file start11.tsv (TSV, C-alpha atoms)
chain	number	residue	atom	x	y	z
A	1	MET	CA	74.52	-0.37	72.12
A	2	ARG	CA	75.46	-1.56	75.61
A	3	PHE	CA	72.88	0.76	77.08
A	4	LEU	CA	70.20	-0.71	74.83
A	5	LEU	CA	71.11	-4.29	75.83
A	6	LEU	CA	71.26	-3.40	79.52
A	7	SER	CA	67.92	-1.57	79.32
A	8	THR	CA	66.30	-4.52	77.55
A	9	TYR	CA	67.68	-6.95	80.12
A	10	LEU	CA	66.49	-4.85	83.07
A	11	LEU	CA	63.05	-4.37	81.53
A	12	SER	CA	62.73	-8.12	80.93
A	13	LEU	CA	63.81	-8.89	84.49
A	14	PHE	CA	61.35	-6.35	85.90
A	15	LEU	CA	58.45	-7.73	83.84
A	16	CYS	CA	59.27	-11.28	84.92
A	17	LEU	CA	59.36	-10.31	88.58
A	18	VAL	CA	56.11	-8.38	88.35
A	19	SER	CA	54.23	-11.07	86.42
A	20	CYS	CA	55.63	-14.08	88.28
A	21	GLY	CA	53.61	-14.71	91.43
A	22	ASN	CA	53.57	-17.50	93.93
A	23	THR	CA	50.98	-20.02	92.74
A	24	GLU	CA	50.27	-21.44	96.21
A	25	ASP	CA	49.83	-17.97	97.75
A	26	ASP	CA	47.56	-16.87	94.88
A	27	ALA	CA	45.44	-19.99	95.36
A	28	ALA	CA	45.15	-19.54	99.14
A	29	ASP	CA	44.25	-15.86	98.67
A	30	SER	CA	41.53	-16.84	96.20
A	31	ILE	CA	39.98	-19.35	98.57
A	32	ILE	CA	39.57	-16.85	101.41
A	33	GLY	CA	36.06	-15.43	101.44
A	34	GLU	CA	32.41	-16.46	101.26
A	35	TRP	CA	31.51	-19.17	98.72
A	36	THR	CA	28.02	-20.36	97.77
A	37	VAL	CA	27.50	-24.02	96.85
A	38	THR	CA	25.60	-23.86	93.56
A	39	GLU	CA	25.71	-27.47	92.38
A	40	ILE	CA	26.48	-30.90	93.81
A	41	ILE	CA	26.89	-34.01	91.67
A	42	SER	CA	26.96	-37.34	93.51
A	43	GLN	CA	28.29	-40.09	91.24
A	44	TYR	CA	27.83	-43.70	92.29
A	45	GLY	CA	29.92	-46.49	90.79
A	46	SER	CA	33.25	-48.28	90.98
A	47	PHE	CA	36.22	-45.93	91.11
A	48	SER	CA	39.94	-46.57	90.99
A	49	GLU	CA	42.93	-44.29	90.57
A	50	ASN	CA	42.87	-44.53	86.77
A	51	ALA	CA	39.26	-45.28	85.86
A	52	TYR	CA	35.68	-45.40	87.00
A	53	ASN	CA	32.46	-47.12	86.10
A	54	ASN	CA	29.68	-44.60	86.69
A	55	GLU	CA	26.48	-46.49	87.52
A	56	SER	CA	24.25	-43.55	88.44
A	57	SER	CA	24.39	-39.92	89.51
A	58	ILE	CA	22.28	-37.32	91.27
A	59	THR	CA	22.61	-33.64	90.40
A	60	GLU	CA	21.36	-30.95	92.76
A	61	ASP	CA	21.51	-27.25	91.99
A	62	GLY	CA	20.48	-23.94	93.48
A	63	ASP	CA	21.56	-22.33	96.74
A	64	LEU	CA	22.72	-25.47	98.55
A	65	GLY	CA	24.81	-23.86	101.27
A	66	THR	CA	28.03	-21.96	101.98
A	67	PHE	CA	31.71	-22.27	102.78
A	68	HIS	CA	33.32	-19.35	104.59
A	69	PHE	CA	37.12	-19.41	104.57
A	70	ASP	CA	39.27	-17.07	106.60
A	71	LYS	CA	43.04	-17.23	106.91
A	72	ASP	CA	43.15	-20.28	109.21
A	73	SER	CA	39.67	-21.77	109.49
A	74	VAL	CA	36.56	-22.62	107.51
A	75	ARG	CA	32.87	-22.81	108.39
A	76	PHE	CA	30.65	-24.84	106.11
A	77	ASP	CA	26.95	-25.55	105.92
A	78	TYR	CA	25.45	-27.30	102.90
A	79	THR	CA	22.88	-29.97	102.04
A	80	ARG	CA	23.58	-33.00	99.83
A	81	ASN	CA	20.93	-35.67	99.20
A	82	ASP	CA	18.74	-34.26	102.00
A	83	THR	CA	21.61	-34.54	104.51
A	84	LEU	CA	22.96	-31.42	106.22
A	85	TYR	CA	26.76	-31.15	106.43
A	86	THR	CA	27.89	-28.48	108.85
A	87	GLY	CA	31.03	-27.79	110.78
A	88	SER	CA	34.02	-25.62	111.48
A	89	SER	CA	37.66	-26.59	111.23
A	90	SER	CA	41.13	-25.54	110.17
A	91	TRP	CA	42.09	-25.92	106.52
A	92	SER	CA	45.22	-26.21	104.42
A	93	LEU	CA	45.88	-26.08	100.71
A	94	ASN	CA	48.64	-28.16	99.14
A	95	HIS	CA	50.06	-27.50	95.71
A	96	GLU	CA	52.27	-29.58	93.49
A	97	ARG	CA	53.25	-29.74	89.84
A	98	VAL	CA	52.31	-33.08	88.28
A	99	ASN	CA	52.85	-34.63	84.87
A	100	SER	CA	49.91	-34.49	82.50
A	101	GLY	CA	50.96	-35.93	79.19
A	102	PHE	CA	53.94	-33.96	77.93
A	103	VAL	CA	53.49	-31.00	80.28
A	104	ARG	CA	53.40	-30.34	84.00
A	105	VAL	CA	50.27	-28.83	85.52
A	106	ASP	CA	49.27	-27.42	88.90
A	107	GLN	CA	47.38	-29.74	91.22
A	108	PHE	CA	45.71	-28.44	94.39
A	109	ARG	CA	44.41	-30.41	97.39
A	110	LEU	CA	42.24	-28.80	100.06
A	111	SER	CA	42.23	-30.49	103.45
A	112	ILE	CA	39.50	-29.52	105.88
A	113	ASP	CA	40.74	-31.25	109.02
A	114	ASP	CA	38.58	-34.12	110.31
A	115	TYR	CA	36.05	-33.66	107.48
A	116	PHE	CA	37.20	-33.60	103.85
A	117	LEU	CA	40.11	-33.97	101.44
A	118	PHE	CA	39.16	-32.31	98.14
A	119	ASP	CA	40.85	-32.08	94.77
A	120	VAL	CA	40.47	-28.43	93.76
A	121	ARG	CA	40.03	-26.80	90.36
A	122	PHE	CA	39.97	-23.01	90.11
A	123	GLU	CA	37.87	-21.47	87.33
A	124	ASP	CA	38.56	-23.50	84.15
A	125	GLY	CA	41.71	-25.14	85.50
A	126	THR	CA	44.07	-23.40	83.08
A	127	SER	CA	47.37	-21.79	83.96
A	128	ASN	CA	47.01	-18.95	86.51
A	129	SER	CA	43.29	-19.67	87.01
A	130	GLU	CA	43.95	-19.67	90.76
A	131	LYS	CA	44.46	-15.88	90.72
A	132	ASN	CA	41.36	-14.03	91.93
A	133	ALA	CA	39.13	-17.03	91.23
A	134	GLU	CA	35.35	-16.54	91.39
A	135	TYR	CA	34.50	-20.20	90.65
A	136	LEU	CA	35.77	-23.27	92.48
A	137	SER	CA	35.20	-26.98	91.91
A	138	LEU	CA	35.80	-29.43	94.78
A	139	SER	CA	35.91	-33.21	94.20
A	140	GLU	CA	36.18	-35.94	96.77
A	141	LEU	CA	36.07	-39.71	96.68
A	142	ALA	CA	33.94	-40.36	99.77
A	143	GLN	CA	36.14	-41.46	102.68
A	144	ASP	CA	33.84	-44.22	103.88
A	145	THR	CA	33.46	-45.92	100.48
A	146	THR	CA	35.11	-46.13	97.08
A	147	HIS	CA	31.72	-46.12	95.38
A	148	LEU	CA	30.84	-42.42	95.64
A	149	LEU	CA	32.47	-39.42	93.98
A	150	ILE	CA	31.19	-36.01	95.13
A	151	ASN	CA	31.68	-32.84	93.04
A	152	LEU	CA	30.77	-29.47	94.53
A	153	SER	CA	30.61	-26.27	92.46
A	154	LEU	CA	31.10	-23.03	94.39
A	155	GLU	CA	30.87	-19.37	93.42
A	156	LYS	CA	31.96	-16.23	95.24

call {"tool": "encode", "arguments": {"input": "start11.tsv", "output": "structure tokens"}}
result
Amino acid sequence: MRFLLLSTYLLSLFLCLVSCGNTEDDAADSIIGEWTVTEIISQYGSFSENAYNNESSITEDGDLGTFHFDKDSVRFDYTRNDTLYTGSSSWSLNHERVNSGFVRVDQFRLSIDDYFLFDVRFEDGTSNSEKNAEYLSLSELAQDTTHLLINLSLEK
């Protein structure tokens, strides 16, 4: 009987260790690589931390550009509203657990130094969606105004 309990405990511990990964490391590993910008939605309106009044929006789709992430730097080149955004910089990804109703969820922020601060959603945004992600959504409230929200959709 003791052997059975010990075996069950060790098997449970092993499965937990194998299945439990580091969320921030998984997310950073997923970001590394070549991403194609497939859609950009520019929403114009009045935005605050808890609400927004969307007055108009422009949706662009197709092959709009690329982001290439390596371990420490990113190169980007994409077009939004007939304006070319291009550059190269270091990047960092921050992760925290935040309250969302009665549960806590993962929240990711991607900082591309001197250029952007994006809220990041991997795949469908569910638990563990940051592992081996093939789809990425980046959202930013434009730094020079509080009247423009930019959403970029990227695919590997």

call {"tool": "closest_residue", "arguments": {"input": "start11.tsv", "among": "A:Ser127, A:Phe118, A:Gly33, A:Ser92", "to": "Asp106 in chain A", "atoms": "all atoms listed in the file"}}
result
A:Ser127

call {"tool": "residues_around", "arguments": {"input": "start11.tsv", "residues": "Tyr85 in chain A", "least_positions_apart": "5", "cutoff": "10 Å", "atoms": "only C-alpha atoms", "output": "VMD selection string"}}
result
chain A and resid 65 76 to 80 115

call {"tool": "closest_residue", "arguments": {"input": "start11.tsv", "among": "A:Ala27, A:Asp113, A:Tyr44, A:Tyr52", "to": "Gly125 in chain A", "atoms": "all atoms listed in the file"}}
result
A:Ala27

call {"tool": "atom_distance", "arguments": {"input": "start11.tsv", "atom1": "CA of Thr83 in chain A", "atom2": "CA of Ser137 in chain A"}}
result
20.0 Å

call {"tool": "axis_aligned_box", "arguments": {"input": "start11.tsv", "around": "range 137-141 of chain A", "padding_each_side": "5 Å", "output": "JSON"}}
result
{"center_x": 35.7, "center_y": -33.3, "center_z": 94.3, "size_x": 11.0, "size_y": 22.7, "size_z": 14.9}

call {"tool": "residues_near_point", "arguments": {"input": "start11.tsv", "point": "(32.8, -40.3, 99.7)", "cutoff": "12 Å", "atoms": "all atoms listed in the file", "output": "PyMOL selection string"}}
result
chain A and resi 41-47+80+115-118+139-151

call {"tool": "residues_around", "arguments": {"input": "start11.tsv", "residues": "Gly62 in chain A", "least_positions_apart": "4", "cutoff": "12 Å", "atoms": "all atoms listed in the file", "output": "list in words"}}
result
Thr36, Val37, Thr38, Glu39, Ile40, Thr66, Tyr78, Thr79, Arg80, Leu152, Ser153, Leu154 and Glu155 of chain A

call {"tool": "residues_around", "arguments": {"input": "start11.tsv", "residues": "range 129-134 of chain A", "least_positions_apart": "3", "cutoff": "9 Å", "atoms": "all atoms listed in the file", "output": "number ranges by chain"}}
result
A: 23-24, 26-31, 35, 121-126, 154-156

call {"tool": "atom_distance", "arguments": {"input": "start11.tsv", "atom1": "CA of Val120 in chain A", "atom2": "CA of Phe102 in chain A"}}
result
21.5 Å

call {"tool": "closest_residue", "arguments": {"input": "start11.tsv", "among": "A:Asn22, A:Ser111, A:Asn54, A:Asn128", "to": "Asn94 in chain A", "atoms": "all atoms listed in the file"}}
result
A:Ser111
